[in-house]
$ cat data.txt   # compact mmCIF, C-alpha atoms and all ligand atoms
# COMPACT_ATOMS: atom_id res chain seq x y z
CA MET A 204 -19.76 -16.57 -3.19
CA LYS A 205 -18.17 -17.94 -6.31
CA ASN A 206 -15.48 -15.24 -6.12
CA ILE A 207 -14.74 -16.14 -2.55
CA LYS A 208 -14.46 -19.82 -3.42
CA ILE A 209 -12.08 -19.06 -6.26
CA PHE A 210 -10.08 -16.81 -4.00
CA ILE A 211 -9.84 -19.41 -1.25
CA PHE A 212 -8.97 -22.07 -3.79
CA SER A 213 -6.15 -19.90 -5.20
CA TYR A 214 -4.96 -19.17 -1.73
CA VAL A 215 -4.81 -22.84 -0.75
CA ILE A 216 -2.85 -23.61 -3.89
CA LEU A 217 -0.59 -20.68 -3.15
CA VAL A 218 0.09 -21.77 0.40
CA CYS A 219 0.76 -25.35 -0.68
CA GLY A 220 3.10 -24.04 -3.33
CA LEU A 221 4.84 -21.73 -0.93
CA SER A 222 5.40 -24.35 1.71
CA PHE A 223 6.82 -26.52 -1.04
CA SER A 224 9.17 -23.76 -2.19
CA ILE A 225 10.31 -22.97 1.31
CA THR A 226 10.78 -26.47 2.69
CA GLY A 227 11.71 -28.08 -0.61
CA LYS A 228 9.38 -30.90 0.33
CA PRO A 229 5.84 -31.52 -0.82
CA SER A 230 3.30 -30.48 1.79
CA GLU A 231 1.05 -33.30 0.60
CA SER A 232 2.18 -36.75 -0.35
CA ASN A 233 1.18 -36.45 -3.99
CA TYR A 234 1.80 -32.73 -4.44
CA ILE A 235 3.10 -31.80 -7.88
CA PRO A 236 5.04 -28.51 -8.05
CA GLN A 237 3.55 -26.01 -10.48
CA PRO A 238 5.53 -24.06 -13.10
CA TRP A 239 4.48 -20.68 -11.68
CA GLU A 240 6.15 -21.35 -8.35
CA VAL A 241 9.53 -20.32 -9.74
CA HIS A 242 8.30 -16.72 -10.00
CA VAL A 243 7.64 -16.33 -6.29
CA VAL A 244 10.47 -18.26 -4.65
CA MET A 245 11.51 -15.01 -2.92
CA GLY A 246 8.05 -14.94 -1.35
CA ILE A 247 4.64 -13.51 -2.19
CA PRO A 248 4.56 -9.74 -1.53
CA THR A 249 2.02 -9.14 1.21
CA ASP A 250 0.41 -6.11 2.83
CA ASN A 251 -2.05 -5.52 5.65
CA ASP A 252 -5.14 -6.06 3.52
CA ASN A 253 -5.27 -9.06 1.20
CA SER A 254 -8.88 -8.39 0.17
CA ASP A 255 -7.60 -6.41 -2.85
CA ASP A 256 -4.90 -8.89 -3.82
CA TYR A 257 -6.46 -11.34 -6.24
CA ILE A 258 -3.59 -13.68 -7.08
CA ILE A 259 -3.25 -14.77 -10.72
CA THR A 260 -0.78 -17.57 -11.39
CA ARG A 261 0.47 -18.30 -14.88
CA ASP A 262 3.36 -20.39 -16.14
CA GLN A 263 4.99 -17.12 -17.21
CA TYR A 264 4.48 -14.96 -14.06
CA VAL A 265 2.41 -14.35 -10.93
CA LEU A 266 0.27 -11.22 -10.45
CA SER A 267 -1.70 -9.58 -7.68
CA TYR A 268 -4.72 -7.92 -9.27
CA ASN A 269 -6.51 -5.10 -7.47
CA GLN A 270 -10.25 -5.21 -8.25
CA ASN A 271 -10.76 -1.72 -6.77
CA LYS A 272 -8.07 -0.07 -8.89
CA ASN A 273 -8.65 -2.29 -11.96
CA VAL A 274 -4.92 -2.76 -12.37
CA SER A 275 -2.39 -5.10 -10.82
CA ASN A 276 -0.63 -4.31 -7.54
CA TRP A 277 2.47 -6.19 -8.60
CA ALA A 278 3.94 -8.81 -10.89
CA CYS A 279 6.63 -11.34 -9.90
CA TRP A 280 8.71 -13.21 -12.43
CA ASN A 281 11.86 -15.24 -12.85
CA LEU A 282 14.30 -14.40 -15.62
CA ASN A 283 17.30 -16.19 -17.04
CA GLU A 284 18.52 -16.79 -20.60
CA ASP A 285 16.23 -19.81 -21.03
CA TRP A 286 13.20 -17.51 -21.19
CA PHE A 287 14.50 -15.91 -24.39
CA GLY A 288 13.84 -17.35 -27.82
CA ASP A 289 12.69 -16.65 -31.34
CA ALA A 290 9.00 -16.02 -30.81
CA PRO A 291 7.96 -12.81 -32.55
CA ARG A 292 6.52 -9.96 -30.54
CA HIS A 293 2.73 -10.18 -30.51
CA SER A 294 1.20 -7.61 -32.81
CA GLY A 295 -2.35 -6.38 -32.58
CA SER A 296 -4.56 -5.65 -29.65
CA PHE A 297 -3.80 -6.49 -26.06
CA PHE A 298 -6.03 -9.13 -24.47
CA ARG A 299 -8.71 -8.81 -21.82
CA ASP A 300 -8.04 -11.10 -18.91
CA ASN A 301 -10.94 -13.53 -19.03
CA SER A 302 -9.59 -15.38 -16.02
CA LEU A 303 -10.82 -12.61 -13.71
CA PRO A 304 -13.87 -13.56 -11.63
CA ASP A 305 -17.37 -12.30 -12.39
CA GLY A 306 -17.82 -8.79 -11.05
CA PHE A 307 -14.21 -7.75 -11.66
CA TYR A 308 -13.66 -5.10 -14.32
CA ARG A 309 -11.68 -6.52 -17.23
CA ALA A 310 -9.62 -3.77 -18.80
CA LYS A 311 -9.69 -3.66 -22.57
CA HIS A 312 -7.24 -2.46 -25.20
CA ASN A 313 -9.24 0.67 -26.01
CA ASP A 314 -9.28 1.83 -22.39
CA TYR A 315 -5.80 3.15 -23.08
CA THR A 316 -6.47 4.60 -26.53
CA ASN A 317 -6.00 8.40 -26.66
CA SER A 318 -5.56 8.49 -22.89
CA GLY A 319 -2.09 10.02 -22.96
CA TYR A 320 -0.70 6.82 -21.44
CA GLU A 321 0.87 3.78 -23.03
CA ARG A 322 0.09 0.16 -22.25
CA GLY A 323 3.18 -0.46 -20.13
CA HIS A 324 4.23 -4.05 -19.62
CA MET A 325 5.07 -5.18 -16.10
CA VAL A 326 6.66 -8.39 -17.43
CA MET A 327 8.50 -7.23 -20.56
CA SER A 328 7.44 -8.76 -23.89
CA GLU A 329 11.03 -9.56 -24.89
CA GLN A 330 11.58 -11.48 -21.66
CA ARG A 331 8.96 -14.03 -22.69
CA THR A 332 9.96 -15.12 -26.21
CA LYS A 333 10.54 -18.88 -25.83
CA ASN A 334 7.26 -19.51 -27.64
CA ILE A 335 4.21 -17.64 -28.86
CA GLU A 336 2.09 -18.54 -25.84
CA ASP A 337 4.70 -17.06 -23.48
CA ASN A 338 4.90 -13.84 -25.45
CA GLU A 339 1.13 -13.46 -25.76
CA SER A 340 0.81 -13.87 -21.99
CA THR A 341 2.63 -10.57 -21.52
CA PHE A 342 -0.06 -8.83 -23.58
CA ILE A 343 -2.87 -9.81 -21.22
CA LEU A 344 -4.03 -6.52 -19.73
CA THR A 345 -3.61 -7.60 -16.10
CA ASN A 346 0.15 -7.52 -16.89
CA VAL A 347 -0.19 -3.93 -18.08
CA PHE A 348 -0.35 -0.56 -16.34
CA PRO A 349 -0.61 3.01 -17.67
CA GLN A 350 2.80 4.54 -18.27
CA ARG A 351 3.81 7.84 -19.81
CA ALA A 352 5.77 7.24 -23.01
CA ASP A 353 8.76 9.09 -21.53
CA LEU A 354 8.90 6.54 -18.70
CA ASN A 355 8.08 3.43 -20.76
CA LYS A 356 10.54 4.34 -23.52
CA GLY A 357 12.99 6.01 -21.15
CA PRO A 358 14.47 4.81 -17.85
CA TRP A 359 11.96 1.95 -17.53
CA VAL A 360 13.00 0.23 -20.76
CA LYS A 361 16.67 0.98 -20.06
CA LEU A 362 16.43 -1.02 -16.86
CA GLU A 363 14.62 -3.79 -18.75
CA PHE A 364 17.53 -3.95 -21.20
CA TYR A 365 19.96 -3.98 -18.30
CA CYS A 366 18.12 -7.03 -16.90
CA ASN A 367 18.27 -8.73 -20.29
CA ASP A 368 22.03 -8.18 -20.39
CA LEU A 369 22.42 -9.65 -16.92
CA ALA A 370 20.40 -12.72 -17.90
CA ILE A 371 21.84 -13.32 -21.37
CA ASP A 372 25.41 -11.98 -21.28
CA GLN A 373 26.23 -12.51 -17.62
CA ASP A 374 24.37 -15.79 -16.98
CA LYS A 375 22.40 -14.38 -14.08
CA GLU A 376 19.24 -15.72 -12.49
CA LEU A 377 16.91 -12.83 -11.70
CA TYR A 378 13.84 -12.63 -9.51
CA ILE A 379 11.96 -9.49 -10.49
CA ILE A 380 9.01 -7.64 -8.97
CA ALA A 381 7.33 -4.65 -10.60
CA GLY A 382 4.32 -2.57 -9.73
CA GLY A 383 2.89 0.87 -9.15
CA VAL A 384 2.29 3.35 -6.36
CA TYR A 385 -1.27 4.64 -6.60
CA ASP A 386 -1.54 7.43 -4.03
CA ASN A 387 -3.56 9.90 -6.08
CA ASP A 388 -6.08 7.42 -7.49
CA ARG A 389 -6.12 9.08 -10.91
CA LYS A 390 -7.98 7.15 -13.64
CA LEU A 391 -7.44 6.83 -17.37
CA LYS A 392 -9.61 9.29 -19.29
CA GLY A 393 -10.87 9.02 -22.83
CA LYS A 394 -12.38 5.75 -23.88
CA GLY A 395 -11.46 4.15 -20.56
CA LYS A 396 -14.43 5.70 -18.74
CA GLY A 397 -12.41 6.30 -15.61
CA LYS A 398 -11.78 2.67 -14.75
CA VAL A 399 -8.07 1.91 -14.83
CA THR A 400 -5.98 3.61 -12.14
CA ILE A 401 -2.78 5.41 -13.19
CA PRO A 402 0.31 4.74 -11.08
CA ASP A 403 1.99 7.90 -9.79
CA SER A 404 5.29 6.02 -9.77
CA CYS A 405 6.47 2.65 -10.98
CA TYR A 406 8.89 0.49 -9.06
CA LYS A 407 11.01 -2.54 -9.77
CA ILE A 408 12.94 -4.82 -7.45
CA ILE A 409 15.52 -7.29 -8.80
CA VAL A 410 17.34 -10.02 -6.90
CA ILE A 411 20.48 -10.97 -8.82
CA LEU A 412 21.84 -14.51 -8.46
CA ASN A 413 23.92 -16.78 -10.66
CA LYS A 414 22.09 -19.03 -13.09
CA GLY A 415 20.50 -21.98 -11.35
CA GLU A 416 20.50 -20.37 -7.91
CA GLY A 417 17.43 -19.84 -5.76
CA LEU A 418 16.23 -18.87 -2.32
CA ALA A 419 18.84 -20.95 -0.46
CA ASP A 420 21.61 -18.96 -2.17
CA VAL A 421 20.40 -15.56 -0.99
CA ASP A 422 22.60 -14.10 1.72
CA SER A 423 23.64 -10.67 2.94
CA ASN A 424 26.04 -10.31 -0.01
CA THR A 425 23.37 -10.86 -2.65
CA GLN A 426 23.03 -7.96 -5.06
CA VAL A 427 19.63 -6.33 -5.32
CA ILE A 428 18.32 -3.42 -7.36
CA ALA A 429 15.38 -1.26 -6.32
CA VAL A 430 14.12 1.70 -8.34
CA MET A 431 11.17 4.07 -8.04
CA MET A 432 10.46 6.05 -11.22
CA PRO A 433 7.96 8.90 -11.58
CA ASN A 434 5.24 8.30 -14.16
CA LYS A 435 5.61 11.63 -15.90
CA LYS A 436 6.73 13.44 -19.01
CA GLY A 437 10.22 14.82 -19.49
CA ILE A 438 12.27 11.91 -18.15
CA LYS A 439 12.94 9.98 -21.37
CA LYS A 440 16.64 10.79 -21.44
CA HIS A 441 17.22 9.90 -17.82
CA LYS A 442 19.33 6.91 -16.94
CA TRP A 443 17.61 4.22 -14.86
CA GLN A 444 20.37 4.55 -12.26
CA ARG A 445 19.05 7.99 -11.38
CA TYR A 446 16.07 6.31 -9.72
CA ILE A 447 17.90 3.81 -7.57
CA THR A 448 16.45 3.55 -4.10
CA THR A 449 16.17 0.90 -1.39
CA ILE A 450 13.69 -1.95 -1.08
CA ASP A 451 12.84 -0.45 2.30
CA ALA A 452 11.72 2.74 0.57
CA VAL A 453 9.57 0.77 -1.88
CA GLU A 454 8.04 -1.17 1.00
CA TYR A 455 7.26 2.12 2.72
CA SER A 456 5.66 3.64 -0.41
CA THR A 457 3.59 0.61 -1.32
CA GLY A 458 2.76 -0.94 2.03
CA TYR A 459 4.00 -4.30 0.76
CA ASP A 460 6.60 -6.48 2.37
CA PHE A 461 8.87 -7.93 -0.34
CA LEU A 462 11.25 -10.91 -0.24
CA THR A 463 9.02 -12.43 2.42
CA ALA A 464 10.61 -15.87 2.05
CA VAL A 465 14.10 -14.50 2.76
CA PRO A 466 15.20 -14.81 6.41
CA VAL A 467 14.38 -11.58 8.25
CA ASP A 468 17.99 -10.77 9.21
CA VAL A 469 19.04 -11.08 5.55
CA GLN A 470 16.03 -9.04 4.40
CA GLU A 471 17.11 -6.27 6.74
CA VAL A 472 20.55 -6.04 5.18
CA LEU A 473 19.45 -6.32 1.55
CA GLU A 474 16.50 -3.98 1.88
CA GLU A 475 18.44 -1.00 3.22
CA ARG A 476 21.30 -1.23 0.70
CA GLU A 477 21.36 0.79 -2.52
CA PHE A 478 22.61 -0.96 -5.65
CA GLN A 479 26.10 -0.21 -6.88
CA GLU A 480 27.36 -1.50 -10.23
MN MN A 501 7.40 -1.24 -21.59
MN MN A 502 10.78 -7.34 3.09
$ encode --input "data.txt" --output "structure tokens" --more "lines below"
Ligand code: MN
Ligand code: MN
Amino acid sequence: MKNIKIFIFSYVILVCGLSFSITGKPSESNYIPQPWEVHVVMGIPTDNDNSDDYIITRDQYVLSYNQNKNVSNWACWNLNEDWFGDAPRHSGSFFRDNSLPDGFYRAKHNDYTNSGYERGHMVMSEQRTKNIEDNESTFILTNVFPQRADLNKGPWVKLEFYCNDLAIDQDKELYIIAGGVYDNDRKLKGKGKGKVTIPDSCYKIIVILNKGEGLADVDSNTQVIAVMMPNKKGIKKHKWQRYITTIDAVEYSTGYDFLTAVPVDVQEVLEEREFQE
């Protein structure tokens, strides 16, 4: 019952926040916009079954945690140069997410130890370096999924660096979504005791705007990137561009609708177009 109450409470907050983001007006007279809302201005990704989407909102990002897979379905976050600063990268163990309700498995650092998979960030550590709290938030294990080193240190990180260049050198405003496709339901072995599900592939969607722009500036000319990368060995030298696909294809593979706040006719155009530099 407590879980349900927390879920409903989160959902009410979410809906209030969303209606605020969409209309630009408070849905209640004394509504105060929350910092996390900036991460989901393109809309909360939704699928047919929201019973395994436990929404976690933080100042630094928004997540959908899947309590059956013990890993997040997706992360949404905003990125521009203001998110970067001098905070050092957190060293030491990753953190259990103590915000998860009773009855949810809370992944721990050692679940990944000797598993053959790295603790892959959804929201990149470097993209949250304004202060120590921001950086540490990326080391909470609900922001982490199992990635082969060749993916994490290969095309995945290359695309992360590409995003950093867009934000810092080209003054872009990015709205990013990342997550996994979990068709085979494989679990981490070793110390993890078969809890955390391994993504078969990892995807990322990026809406590219100019700094300061938001939902109202998205139109059929807006640039978007979508990639789907296999979570396997042997791909470290691959360029990220090799894995460019369409948002439509990611929607098909994951069952999620993305960019839900974008008008449907604009979604249709953006979601079928492959990125070209
Ligand atoms: Mn990484
Ligand atoms: Mn969509």
$ residues_near_ligand --input "data.txt" --ligand "ligand MN 502 (chain A)" --cutoff "9 Å" --atoms "all atoms listed in the file" --output "ChimeraX atom specification"
/A:248,450-451,454,459-465,467,470-471,473-474
$ write_last_selection --input "data.txt" --atoms "C-alpha atoms" --output "tab-separated table (two decimals), in the coordinates of the input"
chain	number	residue	atom	x	y	z
A	248	PRO	CA	4.56	-9.74	-1.53
A	450	ILE	CA	13.69	-1.95	-1.08
A	451	ASP	CA	12.84	-0.45	2.30
A	454	GLU	CA	8.04	-1.17	1.00
A	459	TYR	CA	4.00	-4.30	0.76
A	460	ASP	CA	6.60	-6.48	2.37
A	461	PHE	CA	8.87	-7.93	-0.34
A	462	LEU	CA	11.25	-10.91	-0.24
A	463	THR	CA	9.02	-12.43	2.42
A	464	ALA	CA	10.61	-15.87	2.05
A	465	VAL	CA	14.10	-14.50	2.76
A	467	VAL	CA	14.38	-11.58	8.25
A	470	GLN	CA	16.03	-9.04	4.40
A	471	GLU	CA	17.11	-6.27	6.74
A	473	LEU	CA	19.45	-6.32	1.55
A	474	GLU	CA	16.50	-3.98	1.88
$ residues_near_point --input "data.txt" --point "(-1.7, 8.4, -23.5)" --cutoff "12 Å" --atoms "all atoms listed in the file" --output "list in words"
Asn313, Asp314, Tyr315, Thr316, Asn317, Ser318, Gly319, Tyr320, Glu321, Arg322, Gly323, Phe348, Pro349, Gln350, Arg351, Ala352, Asp353, Leu354, Asn355, Lys390, Leu391, Lys392, Gly393, Lys394, Gly395, Ile401, Asn434, Lys435 and Lys436 of chain A
$ residues_around --input "data.txt" --residues "Thr400 of chain A" --least-positions-apart "4" --cutoff "7 Å" --atoms "only C-alpha atoms" --output "number ranges by chain"
A: 272-274, 388-391
$ closest_residue --input "data.txt" --among "A:His242, A:Arg331, A:His324, A:His293" --to "ligand MN 501 (chain A)" --atoms "all atoms listed in the file"
A:His324
$ closest_residue --input "data.txt" --among "A:Phe364, A:Phe307, A:Phe298, A:Trp239" --to "ligand MN 501 (chain A)" --atoms "all atoms listed in the file"
A:Phe364
$ build_atoms --input "data.txt" --residues "segment 352-365 of chain A" --atoms "N, CA, C and O atoms" --output "compact mmCIF listing (two decimals), in the coordinates of the input"
# COMPACT_ATOMS: atom_id res chain seq x y z
N ALA A 352 4.81 7.71 -22.02
CA ALA A 352 5.77 7.24 -23.01
C ALA A 352 7.20 7.54 -22.57
O ALA A 352 8.11 6.73 -22.79
N ASP A 353 7.40 8.70 -21.93
CA ASP A 353 8.76 9.09 -21.53
C ASP A 353 9.32 8.17 -20.44
O ASP A 353 10.54 8.03 -20.31
N LEU A 354 8.45 7.55 -19.67
CA LEU A 354 8.90 6.54 -18.70
C LEU A 354 9.10 5.20 -19.41
O LEU A 354 10.18 4.59 -19.33
N ASN A 355 8.06 4.75 -20.11
CA ASN A 355 8.08 3.43 -20.76
C ASN A 355 9.23 3.30 -21.74
O ASN A 355 9.88 2.25 -21.82
N LYS A 356 9.48 4.37 -22.50
CA LYS A 356 10.54 4.34 -23.52
C LYS A 356 11.81 5.01 -23.02
O LYS A 356 12.76 5.19 -23.78
N GLY A 357 11.83 5.37 -21.76
CA GLY A 357 12.99 6.01 -21.15
C GLY A 357 13.63 5.11 -20.11
O GLY A 357 14.01 3.97 -20.40
N PRO A 358 13.74 5.59 -18.86
CA PRO A 358 14.47 4.81 -17.85
C PRO A 358 13.88 3.42 -17.59
O PRO A 358 14.62 2.50 -17.26
N TRP A 359 12.56 3.27 -17.79
CA TRP A 359 11.96 1.95 -17.53
C TRP A 359 12.51 0.90 -18.49
O TRP A 359 12.95 -0.18 -18.08
N VAL A 360 12.51 1.22 -19.79
CA VAL A 360 13.00 0.23 -20.76
C VAL A 360 14.52 0.06 -20.65
O VAL A 360 15.05 -1.03 -20.89
N LYS A 361 15.22 1.11 -20.23
CA LYS A 361 16.67 0.98 -20.06
C LYS A 361 16.99 -0.03 -18.97
O LYS A 361 17.94 -0.82 -19.09
N LEU A 362 16.21 -0.03 -17.91
CA LEU A 362 16.43 -1.02 -16.86
C LEU A 362 16.03 -2.42 -17.34
O LEU A 362 16.68 -3.42 -16.99
N GLU A 363 14.99 -2.49 -18.17
CA GLU A 363 14.62 -3.79 -18.75
C GLU A 363 15.77 -4.35 -19.58
O GLU A 363 16.10 -5.55 -19.50
N PHE A 364 16.38 -3.49 -20.39
CA PHE A 364 17.53 -3.95 -21.20
C PHE A 364 18.70 -4.36 -20.31
O PHE A 364 19.41 -5.32 -20.61
N TYR A 365 18.89 -3.63 -19.23
CA TYR A 365 19.96 -3.98 -18.30
C TYR A 365 19.72 -5.39 -17.72
O TYR A 365 20.66 -6.19 -17.61
